[in-house]
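The file protein-v1.txt comes next; it holds compact mmCIF, C-alpha atoms.
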```txt
# COMPACT_ATOMS: atom_id res chain seq x y z
CA MET A 93 112.91 37.25 -104.03
CA THR A 94 115.94 39.44 -104.73
CA THR A 95 115.71 43.22 -104.68
CA THR A 96 116.23 43.26 -108.44
CA GLU A 97 113.33 40.85 -108.96
CA ALA A 98 111.15 42.86 -106.55
CA LYS A 99 111.76 46.12 -108.41
CA LYS A 100 110.20 44.85 -111.63
CA TRP A 101 106.86 44.62 -109.83
CA PHE A 102 106.51 48.36 -109.27
CA ARG A 103 106.76 51.62 -111.14
CA VAL A 104 108.12 53.86 -108.39
CA HIS A 105 107.33 57.58 -108.36
CA ARG A 106 109.48 59.35 -105.76
CA ARG A 107 109.51 63.11 -105.15
CA THR A 108 111.56 63.05 -101.96
CA ALA A 109 114.42 60.94 -100.67
CA ASP A 110 112.61 60.48 -97.36
CA PRO A 111 108.93 59.66 -97.99
CA ARG A 112 106.51 59.69 -95.09
CA LEU A 113 104.34 56.98 -96.61
CA ARG A 114 104.12 54.71 -99.63
CA LEU A 115 100.88 54.31 -101.59
CA VAL A 116 100.73 51.01 -103.48
CA CYS A 117 98.30 51.16 -106.43
CA PHE A 118 96.80 48.05 -108.08
CA PRO A 119 95.34 48.28 -111.61
CA HIS A 120 92.21 46.64 -113.00
CA ALA A 121 91.91 43.51 -115.15
CA GLY A 122 93.88 44.05 -118.34
CA GLY A 123 95.23 47.25 -116.83
CA THR A 124 98.71 48.60 -116.30
CA ALA A 125 100.59 50.89 -113.95
CA GLN A 126 99.88 53.67 -116.46
CA LEU A 127 96.44 54.13 -114.87
CA PHE A 128 98.15 55.92 -111.96
CA HIS A 129 100.76 57.93 -113.89
CA GLY A 130 99.14 61.27 -112.97
CA TRP A 131 98.75 60.55 -109.27
CA PRO A 132 102.24 61.39 -107.95
CA ALA A 133 102.01 65.04 -109.06
CA LEU A 134 98.64 65.37 -107.31
CA LEU A 135 99.73 63.83 -104.01
CA PRO A 136 101.89 65.46 -101.33
CA SER A 137 105.58 65.20 -102.16
CA ASP A 138 106.22 63.01 -99.11
CA VAL A 139 103.95 60.26 -100.47
CA GLU A 140 105.78 57.81 -102.71
CA VAL A 141 103.66 55.95 -105.27
CA LEU A 142 104.33 52.33 -106.17
CA ALA A 143 102.13 51.37 -109.13
CA VAL A 144 101.95 47.61 -109.49
CA ARG A 145 103.17 46.15 -112.79
CA TYR A 146 101.46 42.83 -113.43
CA PRO A 147 103.33 40.40 -115.70
CA GLY A 148 102.17 39.73 -119.24
CA ARG A 149 101.91 43.34 -120.42
CA GLN A 150 104.01 46.35 -121.45
CA ASP A 151 107.66 45.83 -120.52
CA ARG A 152 106.76 42.51 -118.83
CA LEU A 153 105.02 41.23 -121.95
CA ALA A 154 107.28 38.19 -122.30
CA GLU A 155 106.42 36.96 -118.79
CA ALA A 156 103.53 34.61 -118.11
CA CYS A 157 100.42 36.11 -116.55
CA ILE A 158 99.43 34.91 -113.09
CA GLU A 159 95.93 33.40 -113.08
CA ASP A 160 95.55 32.55 -109.40
CA MET A 161 94.75 35.17 -106.75
CA ALA A 162 96.73 33.51 -103.95
CA THR A 163 99.85 33.28 -106.11
CA LEU A 164 99.57 36.89 -107.27
CA ALA A 165 98.97 38.27 -103.76
CA ASP A 166 101.77 36.15 -102.27
CA THR A 167 104.20 37.35 -104.93
CA ILE A 168 103.32 41.03 -104.57
CA GLU A 169 103.54 40.85 -100.78
CA ASP A 170 106.97 39.28 -101.13
CA ALA A 171 108.03 41.93 -103.65
CA LEU A 172 107.04 44.70 -101.21
CA ARG A 173 109.63 43.68 -98.63
CA PRO A 174 112.31 46.20 -99.73
CA TRP A 175 109.73 48.99 -99.21
CA LEU A 176 108.53 48.08 -95.72
CA ASP A 177 110.68 50.68 -93.96
CA ARG A 178 107.83 53.20 -94.34
CA PRO A 179 104.10 52.93 -93.63
CA LEU A 180 102.02 51.63 -96.53
CA ALA A 181 98.55 52.39 -97.85
CA LEU A 182 96.89 50.38 -100.60
CA PHE A 183 94.56 51.49 -103.43
CA GLY A 184 93.09 48.95 -105.83
CA HIS A 185 90.77 49.53 -108.78
CA SER A 186 88.30 46.85 -109.92
CA MET A 187 90.21 43.53 -109.91
CA GLY A 188 92.97 45.47 -108.16
CA ALA A 189 90.65 46.09 -105.20
CA CYS A 190 90.58 42.37 -104.45
CA VAL A 191 94.32 42.01 -105.01
CA ALA A 192 94.96 44.93 -102.63
CA TYR A 193 92.69 43.34 -100.02
CA GLU A 194 94.51 40.00 -100.26
CA VAL A 195 97.91 41.73 -100.00
CA ALA A 196 96.65 43.64 -96.95
CA LEU A 197 95.70 40.34 -95.29
CA ARG A 198 99.18 38.97 -95.94
CA LEU A 199 100.91 42.09 -94.63
CA GLU A 200 98.80 42.04 -91.48
CA ALA A 201 99.64 38.38 -90.92
CA ARG A 202 103.26 39.56 -90.68
CA GLY A 203 102.36 42.32 -88.24
CA ILE A 204 102.31 45.16 -90.79
CA VAL A 205 98.94 46.94 -90.76
CA PRO A 206 98.41 49.29 -93.74
CA GLU A 207 97.44 52.84 -92.90
CA HIS A 208 94.44 52.51 -95.20
CA LEU A 209 92.91 50.06 -97.67
CA MET A 210 91.11 51.83 -100.51
CA VAL A 211 89.00 49.68 -102.82
CA SER A 212 87.52 51.04 -106.03
CA ALA A 213 84.79 49.86 -108.42
CA HIS A 214 84.40 46.38 -107.00
CA GLU A 215 82.01 44.59 -104.70
CA ALA A 216 83.20 43.00 -101.47
CA PRO A 217 84.76 39.61 -102.35
CA HIS A 218 81.98 37.52 -100.81
CA ARG A 219 79.26 39.53 -102.59
CA ALA A 220 80.64 39.63 -106.12
CA ASP A 221 78.80 37.91 -108.96
CA ARG A 222 81.20 35.77 -110.99
CA ALA A 223 80.50 35.10 -114.67
CA ALA A 224 82.68 33.02 -116.97
CA LEU A 225 83.83 35.67 -119.40
CA HIS A 226 87.36 34.29 -119.44
CA ASP A 227 85.95 31.37 -121.47
CA ALA A 228 83.94 33.59 -123.83
CA ASP A 229 84.97 34.33 -127.39
CA ASP A 230 87.06 37.42 -128.06
CA GLU A 231 84.17 39.61 -129.24
CA THR A 232 82.07 38.85 -126.17
CA LEU A 233 84.93 39.65 -123.81
CA ILE A 234 85.79 42.88 -125.61
CA SER A 235 82.13 43.90 -125.71
CA HIS A 236 81.89 43.44 -121.95
CA VAL A 237 84.96 45.60 -121.38
CA ARG A 238 83.52 48.34 -123.57
CA GLN A 239 80.27 48.29 -121.61
CA LEU A 240 82.22 49.12 -118.45
CA GLY A 241 83.46 52.43 -119.91
CA ASP A 242 85.56 53.86 -122.67
CA LEU A 243 89.11 53.49 -121.39
CA HIS A 244 91.38 53.00 -124.42
CA SER A 245 88.99 50.35 -125.78
CA GLU A 246 89.74 51.55 -129.29
CA ALA A 247 93.00 49.61 -129.03
CA TYR A 248 91.00 46.41 -129.58
CA ASP A 249 90.12 47.67 -133.07
CA ILE A 250 93.79 47.48 -134.10
CA PRO A 251 94.66 43.83 -134.85
CA GLU A 252 98.29 44.10 -133.68
CA LEU A 253 97.32 45.71 -130.36
CA ARG A 254 94.38 43.37 -129.90
CA ASP A 255 96.70 40.37 -130.15
CA LEU A 256 99.00 41.90 -127.52
CA LEU A 257 96.28 42.97 -125.08
CA LEU A 258 93.80 40.09 -125.11
CA PRO A 259 95.95 37.41 -123.44
CA ALA A 260 96.51 39.55 -120.32
CA LEU A 261 92.86 40.62 -120.23
CA ARG A 262 91.63 37.03 -120.48
CA SER A 263 94.13 35.83 -117.86
CA ASP A 264 93.06 38.55 -115.44
CA TYR A 265 89.41 37.63 -115.92
CA ARG A 266 90.30 34.00 -115.26
CA LEU A 267 91.98 35.12 -112.03
CA ILE A 268 89.16 37.31 -110.72
CA GLU A 269 86.38 34.96 -111.85
CA GLY A 270 88.11 32.12 -110.04
CA TYR A 271 88.30 34.12 -106.79
CA HIS A 272 85.52 32.94 -104.45
CA PRO A 273 86.38 33.51 -100.78
CA PRO A 274 83.17 32.42 -99.00
CA ASN A 275 84.14 33.85 -95.61
CA PRO A 276 86.75 36.57 -96.20
CA ALA A 277 88.65 37.65 -93.12
CA PRO A 278 88.44 41.26 -91.92
CA VAL A 279 91.47 43.52 -92.03
CA LYS A 280 92.64 45.79 -89.22
CA ALA A 281 93.15 48.68 -91.64
CA PRO A 282 90.30 51.13 -92.23
CA ILE A 283 88.58 50.69 -95.61
CA THR A 284 87.26 53.32 -97.99
CA ALA A 285 85.24 52.09 -100.97
CA TYR A 286 85.24 54.32 -104.06
CA ALA A 287 82.57 53.87 -106.71
CA GLY A 288 81.22 55.39 -109.90
CA GLN A 289 77.56 56.24 -109.45
CA ASP A 290 76.72 54.97 -112.95
CA ASP A 291 78.83 51.80 -112.74
CA GLN A 292 76.45 49.01 -113.71
CA SER A 293 79.01 46.34 -112.79
CA CYS A 294 78.84 47.11 -109.06
CA ALA A 295 75.66 46.81 -107.03
CA LEU A 296 75.76 49.42 -104.26
CA ASP A 297 74.75 47.03 -101.50
CA ALA A 298 77.57 44.69 -102.53
CA VAL A 299 80.07 47.58 -102.47
CA LEU A 300 78.81 48.56 -99.01
CA ALA A 301 79.51 44.99 -97.88
CA TRP A 302 83.20 45.97 -97.62
CA SER A 303 82.11 47.53 -94.32
CA GLY A 304 81.98 44.02 -92.86
CA LEU A 305 85.65 43.47 -93.61
CA THR A 306 87.03 46.09 -91.22
CA ALA A 307 86.34 47.24 -87.67
CA PRO A 308 82.98 48.89 -86.87
CA GLY A 309 83.13 52.56 -87.77
CA ALA A 310 86.28 52.14 -89.88
CA PHE A 311 84.49 52.08 -93.26
CA GLU A 312 83.47 54.93 -95.54
CA LEU A 313 81.93 55.11 -99.01
CA SER A 314 83.19 57.74 -101.47
CA PRO A 315 81.00 57.86 -104.60
CA TYR A 316 81.69 59.90 -107.75
CA PRO A 317 79.75 60.64 -110.93
CA GLY A 318 80.78 58.32 -113.73
CA ASP A 319 81.03 54.73 -114.88
CA HIS A 320 83.45 51.95 -113.97
CA PHE A 321 86.39 54.18 -114.92
CA TYR A 322 85.11 57.27 -113.09
CA LEU A 323 88.58 57.79 -111.56
CA VAL A 324 90.03 58.85 -114.93
CA ALA A 325 87.68 61.78 -115.54
CA ARG A 326 87.58 62.60 -111.81
CA GLU A 327 91.26 62.00 -111.16
CA ALA A 328 91.99 65.30 -109.38
CA GLU A 329 89.00 64.89 -107.05
CA VAL A 330 89.72 61.25 -106.28
CA VAL A 331 93.41 61.82 -105.57
CA ALA A 332 92.57 64.83 -103.37
CA ASP A 333 90.26 62.58 -101.36
CA VAL A 334 92.96 59.90 -101.12
CA ALA A 335 95.49 62.51 -99.96
CA ALA A 336 93.09 63.79 -97.30
CA ARG A 337 92.56 60.30 -95.93
CA LEU A 338 96.29 59.60 -95.87
CA ALA A 339 96.88 62.86 -94.01
CA ARG A 340 94.65 61.69 -91.18
CA GLY A 341 97.16 59.00 -90.30
```
Encoded form (C-alpha cells):
Amino acid sequence: MTTTEAKKWFRVHRRTADPRLRLVCFPHAGGTAQLFHGWPALLPSDVEVLAVRYPGRQDRLAEACIEDMATLADTIEDALRPWLDRPLALFGHSMGACVAYEVALRLEARGIVPEHLMVSAHEAPHRADRAALHDADDETLISHVRQLGDLHSEAYDIPELRDLLLPALRSDYRLIEGYHPPNPAPVKAPITAYAGQDDQSCALDAVLAWSGLTAPGAFELSPYPGDHFYLVAREAEVVADVAARLARG
C-alpha cells in the first residue's frame, strides 16, 4: 500500500510535530471518524489521534464496504505502516473494539506491541452473541440501532440520508455478525474495557471476559453511566481516563 493510499484510512489530528504516541481510534458499526472529533483537544498535545475512516461512508462513500474482519484488519494494519515510528495505542468502540483487537494481534505478530488496547461497549470476541440483523429488513435493523442509544438516529427518518447510511450499516453488521473466533489469541498489550452501565447489548460477564485475552493483572474495567453510546455524553471523563492510562506508559 502506498503512503497516499494509507492516508485515506485515517483522519489525523496532530498538535505537535513530534508526538510521543499515536492513539488509533476505531468507530462502531455504521460509524465514522467523526465520533472522535472532540478527543484531540482533550488529550495531551503530544498524543496524535488517528481516527479510522472505514470505506463506504462520508468522503469514502464511493468505495465498497469491507464485510470480512480479516480483510479489514489486514488492510488497516498495512495502512498503519507509515505511522509506526512512534508507539501506538488502540481504542475501539463497539464493532471497533473487535477490529482494534484484531489489528493489535497483527501488529504484535510483527513485533510491535501496542502500549494499550482499549475496548469499548463490546463483549470479548468469544463471548459475543451473534444475531443475523444484517439479513433483517430495514425497519428491524434501524429499530435495533435506536435501541442501543440515540446517536444521530434521526438521520434514518430522512429518506436521502437513510439511503446513504443503510448500506454501510448493513455491511458492518454483516462483518461483525460473521466474526466468530472460537479460541481468540491473547495480546501482550494491557487491556482496558470501557462500558456503559445501562448498555443492554453487553452482558457484564462477557465484557469481563476480555481479561482472558491479556496477561494476568493487565486488565481493568472502566464503567460509566449511560447506554451503548455512553462515551458521547461522558466524553471528557472517558478521554481523561484514556489520557491517564497512556501517561502510565
Legend entry - Spatial neighbours of Ala310 of chain A, 8 Å, all atoms listed in the file, chain gap at least 3 places, as a ChimeraX atom specification: /A:281-283,303,306-307
Legend entry - Proximity to Glu155 of chain A - best of A:His218, A:Leu209, A:Pro259, A:Val141, all atoms listed in the file: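 Looking at the shortest contact to Glu155 of chain A, the residue is A:Pro259.
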Inset, instruction - Go ahead and find all residues with at least one atom no further than 10 Å from (72.9, 57.5, -105.2) in the file's coordinates, using all atoms listed in the file; report them as an NGL selection string. - result: :A and (288-290 or 296 or 315-317)
Inset, instruction - Within 10 Å of segment 324-327 of chain A, counting all atoms listed in the file, which residues show up once you throw out same-chain ones fewer than 2 positions away? Write them as a PyMOL selection string, please. - result: chain A and resi 127-128+130-131+134+243+288+316-322+329-333
Inset, instruction - Would you mind listing what lies within 12 Å of His214 of chain A as a PyMOL selection string, with all atoms listed in the file counted and same-chain residues fewer than 3 positions away left out? - result: chain A and resi 120-121+183-193+210-211+217-222+240+268+284-288+291-302+319-321
Inset, instruction - Would you mind listing what lies within 10 Å of Ala339 of chain A as a list of chain:residue names, with only C-alpha atoms counted and same-chain residues fewer than 4 positions away left out? - result: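 Counting only C-alpha atoms, the residues come to A:Leu113, A:Pro136, A:Val139, A:Asp333, A:Val334, A:Ala335.
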Inset, instruction - Please identify all polymer residues within 12 Å of His236 of chain A, counting only C-alpha atoms, omitting same-chain residues fewer than 5 positions from it, and present them as a PyMOL selection string. - result: chain A and resi 223-226+228-231+241-242+245+261-262+265+292-293+320
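One distance worth recording is that between atom CA of Ala181 of chain A and atom CA of Arg103 of chain A, which is 15.6 Å.
Each of A:Ile168, A:Ala213, A:Val104, A:Leu253 was compared to Ala196 of chain A using all atoms listed in the file, and A:Ile168 turns out to be the nearest.
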Inset, instruction - Report the distance between atom CA of Pro174 of chain A and atom CA of Thr96 of chain A in Å, rounded to one decimal place. - result: 10.0 Å
Legend entry - Given all atoms listed in the file as the counted atoms, nearest of A:Arg145, A:Val279, A:Leu115, A:His208 to Ile158 of chain A: A:Arg145
